[in-house]
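Undergrad: Sharing a structure below in structure tokens format, with a few things to ask.
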Amino acid sequence: MKLGQPLQLGGHRLRNRVVSPPMERNYGTPDGRVADPAVSGFQPVAPSPVPFRGRTPRELTIADVEELTVAFGAAARRCAEAAVDVIEVHAAHGYLIHQFLSPRTNRRTDRYADPVRFLADVLQQVRAVAPHAAVVLRLSAFEGVPDGLDAIATLALTGRLPLHLVDALDISAGCYEAGEWIVQPGEVDRGVLAPYAAMFRVFGKPVGVAGRIVTGDTAEEILASGAADFVAVGRALHADPGWTAATLAGVLPRPCIGCNQGCIDVLHTQQPIWCLVNPGAGREASRGAGRGASPGRRRVLVAGAGVAGRASSTCVTGYGTRIHHDRTASSRSGEPTAPESPRPTPPRPPVTGCCFSRPARSSRPRPDHGRRA
Ligand SMILES: Cc1cc2nc3c(=O)[nH]c(=O)nc-3n(C[C@H](O)[C@H](O)[C@H](O)COP(=O)(O)O)c2cc1C
Ligand code: SF4
């Protein structure tokens, strides 16, 4: 099983081929998050004043950009001092570095008009202060909007980077205007981004890939095909934190069904995320949640016989617990309800030349959550 084999990343040996990609969960305290401008009073900043969701950011001055570059270095230094093994530089998903890379959002005429300049400077800073850490670069293979970077353009930009400073590439996709490519809905094929990750092998670096990798079979197929060297497993680890151990042991983990109902759809409401199939998610520290339930005689009322209710029942059985399942309380169908903010199912951009238009929302097919996962 390739999934269980170690992987050398720079000077560090990873125990297996599974990594957890960055996942904001809104578990921060009121002091621990970036505040909305409506609260903080700060105007957002960006490479160019391109409006986004009704707000126009202030264009960063050259001094601002230099300060930010140094700030990336300072963050990497703190990681090095904390003996962090792997540092991921995030140049994907429409965040700041990606905004410099994309012609949609970088309309500058100064030296940062060169789309790779800021990222190259950041990589220099990070490597200089963290020489022993493995540096991984997260990239969106394509933006997923008609005027955005396609895979060919992203490959060309990547080829202009100082890649000798990078130990691996971590391939994702999308930007905030095409969020369905960042967090792919359940209708999308498992491992959908693997062909794009394969394109980045030309740089001779270890390549990782995210995107609906929910089963060991999918992960193994991707690794065996040579499309990637490691897999970034996000929601499946949220659905079952024991995913890797179970998969490597040949046991089926509790499956992420790609519904997005408890995770990404909740994230955008600024509330702590949860999970439709993992009642313990976000409650790991409290007794009795999920698999950590204490043994003993208890009576538990599970209200609702939908996916979440059934998952809850599964989690509390086996501990001498008597379960009363109230099927009258809410959903009886066993089907998840439709997401609050449905996204259109994106068409698959061609592996070469990825400019495309997204379909109208009305063309979104009926969800097929449980059966696909
Ligand atoms: C709730 C949630 C929060 C996420 N937050 C981030 C984030 O902060 N940074 C990031 O680069 N990607 C983020 N992602 C995207 C994941 O890293 C991952 O690329 C994506 O979910 C696809 O992988 P998966 O199908 O295994 O979940 C997030 C995804 C989810 C579901
Ligand atoms: S809420 Fe749905 S998509 Fe999100 S991790 Fe749980 S099962 Fe997966």
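Going by the structure tokens order, chains are called A, B, ..., each with residues numbered from 1, while ligands are numbered from 1 in the order shown.
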Within 10 Å of ligand 2 (counting only C-alpha atoms and all ligand atoms), which residues show up? I'd like them as a ChimeraX atom specification.
TA: /A:183-186,212,214,234-240,254-266,273-279,281,307-308,336,339,369-370,373
Undergrad: Can you pull out every residue within 10 Å of Ala80 of chain A, counting only C-alpha atoms, but drop anything in the same chain fewer than 3 positions away, and send it as a PyMOL selection string?
TA: chain A and resi 74-77+83-87+126+129-133
Undergrad: Rounded to one decimal, what separation in Å do you get between atom CA of Leu165 of chain A and atom CA of Leu60 of chain A?
TA: 25.7 Å
Undergrad: Taking only C-alpha atoms and all ligand atoms into account, which of A:Gln5, A:Ser313, A:Gln99, A:Asn26 comes nearest ligand 1?
TA: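 Looking only at the distances to ligand 1, the closest residue turns out to be A:Asn26.
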Undergrad: Go ahead and compute the interatomic distance for atom CA of His268 of chain A and atom 1 (C, counted along the ligand's line) of ligand 1, in Å to one decimal.
TA: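 Distance between the two atoms: 8.7 Å.
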Undergrad: Using only C-alpha atoms for the distances, tell me which of A:Gln8, A:Thr69, A:Thr158, A:Thr269 is nearest to Leu139 of chain A.
TA: A:Thr158
Undergrad: Would you return as an NGL selection string the members of segment 95-229 of chain A that DSSP assigns to helix (DSSP H, G or I) on this structure's backbone?
TA: :A and (96-101 or 111-113 or 117-129 or 151-159 or 163-165 or 176-181 or 194-203 or 216-225)
Undergrad: Taking the chain letters and numbering used in this document, name the residues of segment 96-170 of chain A that DSSP puts in strand (DSSP E), as a VMD selection string.
TA: chain A and resid 134 to 140 168 to 170
Undergrad: Those same residues - all heavy atoms - I'd like them written as a CSV table (one decimal), in the first residue's frame.
TA:
```csv
chain,number,residue,atom,x,y,z
A,134,ALA,N,11.0,21.9,5.9
A,134,ALA,CA,10.6,21.6,4.5
A,134,ALA,C,9.6,22.7,4.1
A,134,ALA,O,8.6,23.0,4.9
A,134,ALA,CB,9.9,20.2,4.5
A,135,VAL,N,9.8,23.3,3.0
A,135,VAL,CA,8.9,24.4,2.5
A,135,VAL,C,8.0,23.8,1.4
A,135,VAL,O,8.5,23.3,0.4
A,135,VAL,CB,9.7,25.6,2.1
A,135,VAL,CG1,8.7,26.6,1.5
A,135,VAL,CG2,10.5,26.2,3.2
A,136,VAL,N,6.7,23.9,1.7
A,136,VAL,CA,5.7,23.4,0.7
A,136,VAL,C,5.0,24.6,0.1
A,136,VAL,O,4.6,25.5,0.9
A,136,VAL,CB,4.7,22.4,1.3
A,136,VAL,CG1,3.7,21.9,0.3
A,136,VAL,CG2,5.5,21.2,1.9
A,137,LEU,N,4.7,24.6,-1.1
A,137,LEU,CA,4.0,25.7,-1.8
A,137,LEU,C,2.7,25.3,-2.2
A,137,LEU,O,2.5,24.4,-3.0
A,137,LEU,CB,4.9,26.2,-3.0
A,137,LEU,CG,4.3,27.3,-3.8
A,137,LEU,CD1,4.1,28.6,-3.0
A,137,LEU,CD2,5.2,27.6,-5.0
A,138,ARG,N,1.6,25.9,-1.7
A,138,ARG,CA,0.2,25.5,-2.1
A,138,ARG,C,-0.2,26.4,-3.2
A,138,ARG,O,-0.1,27.7,-3.1
A,138,ARG,CB,-0.7,25.7,-0.9
A,138,ARG,CG,-2.1,25.1,-1.2
A,138,ARG,CD,-3.0,24.9,-0.1
A,138,ARG,NE,-3.7,23.6,-0.3
A,138,ARG,CZ,-4.9,23.4,0.2
A,138,ARG,NH1,-5.5,24.2,1.0
A,138,ARG,NH2,-5.5,22.2,-0.1
A,139,LEU,N,-0.6,25.8,-4.3
A,139,LEU,CA,-1.0,26.5,-5.5
A,139,LEU,C,-2.4,26.1,-6.0
A,139,LEU,O,-2.8,24.9,-5.8
A,139,LEU,CB,-0.1,26.2,-6.7
A,139,LEU,CG,1.4,26.7,-6.6
A,139,LEU,CD1,2.3,26.0,-7.6
A,139,LEU,CD2,1.4,28.2,-6.7
A,140,SER,N,-3.2,27.1,-6.5
A,140,SER,CA,-4.4,26.7,-7.2
A,140,SER,C,-3.9,26.4,-8.7
A,140,SER,O,-3.4,27.3,-9.4
A,140,SER,CB,-5.4,27.9,-7.3
A,140,SER,OG,-6.1,28.0,-6.1
A,168,ALA,N,8.3,20.9,-2.0
A,168,ALA,CA,7.1,20.2,-2.6
A,168,ALA,C,6.1,21.2,-3.0
A,168,ALA,O,6.0,22.3,-2.5
A,168,ALA,CB,6.5,19.2,-1.6
A,169,LEU,N,5.2,20.7,-3.9
A,169,LEU,CA,4.1,21.5,-4.4
A,169,LEU,C,2.8,20.9,-3.9
A,169,LEU,O,2.7,19.6,-4.0
A,169,LEU,CB,4.1,21.6,-5.9
A,169,LEU,CG,5.3,22.3,-6.5
A,169,LEU,CD1,5.3,22.1,-8.1
A,169,LEU,CD2,5.4,23.8,-6.2
A,170,ASP,N,1.9,21.7,-3.5
A,170,ASP,CA,0.6,21.1,-2.9
A,170,ASP,C,-0.5,21.7,-3.8
A,170,ASP,O,-0.8,22.9,-3.7
A,170,ASP,CB,0.5,21.5,-1.5
A,170,ASP,CG,-0.8,21.0,-0.8
A,170,ASP,OD1,-1.4,20.1,-1.4
A,170,ASP,OD2,-1.1,21.5,0.3
```
Undergrad: Check the smallest atom-to-atom distance from each of A:Gly54, A:Pro21, A:Pro146, A:Pro6 to ligand 1 using only C-alpha atoms and all ligand atoms, then report the winner.
TA: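 Closest to ligand 1 of all the choices is A:Pro21.
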Undergrad: Quick one: residues within 12 Å of Ala91 of chain A, only C-alpha atoms counted, chain neighbours fewer than 3 positions away excluded, as an NGL selection string?
TA: :A and (88 or 94-102 or 115-116 or 118-120 or 122-123 or 136-143 or 154 or 157-158 or 161 or 169-175)
Undergrad: Could you jot down the atom CA of Ala71 of chain A to atom CA of Gln124 of chain A separation for me, Å, one decimal place?
TA: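 Distance between the two atoms: 12.4 Å.
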Undergrad: Between A:Arg104, A:His90, A:Arg299, A:Arg58, which one has atoms that come closest to ligand 1, using only C-alpha atoms and all ligand atoms?
TA: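 Looking only at the distances to ligand 1, the closest residue turns out to be A:His90.
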Undergrad: Smallest atom-to-atom distance to ligand 1: which of A:Ala178, A:Leu68, A:Val233, A:Ile152, using only C-alpha atoms and all ligand atoms?
TA: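 When distances to ligand 1 are compared using only C-alpha atoms and all ligand atoms, the smallest one comes from A:Val233.
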Undergrad: Measuring between only C-alpha atoms and all ligand atoms, which one of A:Val45, A:Leu267, A:Leu155, A:Met199 shows the shortest distance to ligand 1?
TA: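 That would be A:Leu267, the residue with the smallest distance to ligand 1.
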